[in-house]
Structure formats: C-alpha cells, structure tokens
Amino acid sequence: MNKDTVSKLGIKIRIERQKAKISQEKLAELSNLNRNFIGMIERGETNVTIKNVENIANALKLPIQELFNFII
C-alpha cells in the first residue's frame, strides 16, 4: 500500500471506531492488538497486514470490505 492508502485506511478505521463509540484501548483489546499500534494505524504511520485489518473489522463488527470503501 502506498502512504496515501495507508493514511486513508487509518482515517476510515478511526471514523468507524468513533461511530462504534469505543476507545483505541477497547479496539486494541477486541482486536488482540496493542493500543499504540492502533494509534499508529489510525495516524497512517504504519502499514498493516490484512490479518490485522480483519481483526479490526471483526472487533468493529463490520465486513472487512467496509474498511476499504474509501478506495472506490
């Protein structure tokens, strides 16, 4: 993924987390990831594996493709 895509994915994850009214800490717990890593993802500072995106989508109770709707 290029930097722009990484940033857009992070923004989309933040939007969906906020819509679900959960903290980064809670999302990290539900997705079995580190809270600092969630913050880095949301800020577009790190690339993320599809498996981690799947974990985040499951934690947010969304189909994984919903997190990629910004691309279309």
# chains A, B, ... in the order shown; residues from 1 in each chain; ligands from 1
$ select_by_dssp --residues "chain A" --states "alpha helix (DSSP H)" --output "ChimeraX atom specification"
/A:3-19,24-31,35-42,50-59
$ residues_around --residues "Val48 of chain A" --least-positions-apart "6" --cutoff "10 Å" --atoms "only C-alpha atoms" --output "ChimeraX atom specification"
/A:1,6,9-10,37-38,40-41
$ closest_residue --among "A:Asp4, A:Asn69, A:Asn47, A:Gly39" --to "Glu25 of chain A" --atoms "only C-alpha atoms"
A:Gly39
$ closest_residue --among "A:Ile64, A:Asn34, A:Phe70, A:Ala59" --to "Arg17 of chain A" --atoms "only C-alpha atoms"
A:Ala59
$ closest_residue --among "A:Val53, A:Leu67, A:Ile11, A:Leu62" --to "Leu33 of chain A" --atoms "only C-alpha atoms"
A:Val53
$ closest_residue --among "A:Asn52, A:Thr46, A:Asn36, A:Asn58" --to "Ser7 of chain A" --atoms "only C-alpha atoms"
A:Thr46
$ closest_residue --among "A:Arg43, A:Lys8, A:Lys21, A:Arg14" --to "Ile56 of chain A" --atoms "only C-alpha atoms"
A:Arg14
$ closest_residue --among "A:Asn55, A:Ile50, A:Ile15, A:Asn2" --to "Ala28 of chain A" --atoms "only C-alpha atoms"
A:Asn55
$ decode --residues "segment 44-60 of chain A" --atoms "N, CA, C and O atoms" --output "compact mmCIF listing (two decimals), in the first residue's frame"
# COMPACT_ATOMS: atom_id res chain seq x y z
N GLY A 44 -1.88 6.66 10.19
CA GLY A 44 -1.23 6.32 8.93
C GLY A 44 0.27 6.21 9.03
O GLY A 44 0.98 6.38 8.04
N GLU A 45 0.77 5.90 10.21
CA GLU A 45 2.21 5.83 10.44
C GLU A 45 2.80 4.45 10.17
O GLU A 45 4.02 4.32 10.15
N THR A 46 1.95 3.46 9.99
CA THR A 46 2.45 2.10 9.78
C THR A 46 1.56 1.36 8.81
O THR A 46 0.36 1.61 8.73
N ASN A 47 2.18 0.48 8.07
CA ASN A 47 1.43 -0.39 7.19
C ASN A 47 0.80 -1.48 8.07
O ASN A 47 1.31 -1.79 9.15
N VAL A 48 -0.26 -2.05 7.64
CA VAL A 48 -0.98 -3.04 8.45
C VAL A 48 -1.27 -4.25 7.57
O VAL A 48 -1.57 -4.12 6.38
N THR A 49 -1.18 -5.43 8.17
CA THR A 49 -1.45 -6.64 7.41
C THR A 49 -2.96 -6.83 7.23
O THR A 49 -3.76 -6.29 8.01
N ILE A 50 -3.29 -7.60 6.24
CA ILE A 50 -4.71 -7.91 6.00
C ILE A 50 -5.30 -8.64 7.22
O ILE A 50 -6.44 -8.39 7.60
N LYS A 51 -4.52 -9.50 7.85
CA LYS A 51 -5.00 -10.21 9.04
C LYS A 51 -5.36 -9.22 10.15
O LYS A 51 -6.40 -9.36 10.80
N ASN A 52 -4.52 -8.20 10.35
CA ASN A 52 -4.84 -7.21 11.38
C ASN A 52 -6.05 -6.36 10.99
O ASN A 52 -6.85 -6.01 11.85
N VAL A 53 -6.19 -6.06 9.70
CA VAL A 53 -7.39 -5.34 9.24
C VAL A 53 -8.62 -6.21 9.50
O VAL A 53 -9.65 -5.71 9.95
N GLU A 54 -8.50 -7.50 9.25
CA GLU A 54 -9.61 -8.42 9.51
C GLU A 54 -9.95 -8.43 11.00
O GLU A 54 -11.13 -8.39 11.37
N ASN A 55 -8.94 -8.46 11.86
CA ASN A 55 -9.18 -8.44 13.31
C ASN A 55 -9.90 -7.15 13.72
O ASN A 55 -10.81 -7.18 14.55
N ILE A 56 -9.47 -6.03 13.14
CA ILE A 56 -10.10 -4.75 13.46
C ILE A 56 -11.54 -4.73 12.96
O ILE A 56 -12.45 -4.31 13.68
N ALA A 57 -11.77 -5.19 11.74
CA ALA A 57 -13.13 -5.24 11.19
C ALA A 57 -14.03 -6.10 12.07
O ALA A 57 -15.16 -5.71 12.39
N ASN A 58 -13.53 -7.25 12.49
CA ASN A 58 -14.32 -8.14 13.36
C ASN A 58 -14.63 -7.45 14.69
O ASN A 58 -15.75 -7.54 15.20
N ALA A 59 -13.64 -6.76 15.24
CA ALA A 59 -13.85 -6.05 16.51
C ALA A 59 -14.89 -4.95 16.36
O ALA A 59 -15.66 -4.69 17.29
N LEU A 60 -14.93 -4.33 15.18
CA LEU A 60 -15.92 -3.27 14.91
C LEU A 60 -17.24 -3.82 14.40
O LEU A 60 -18.17 -3.06 14.12
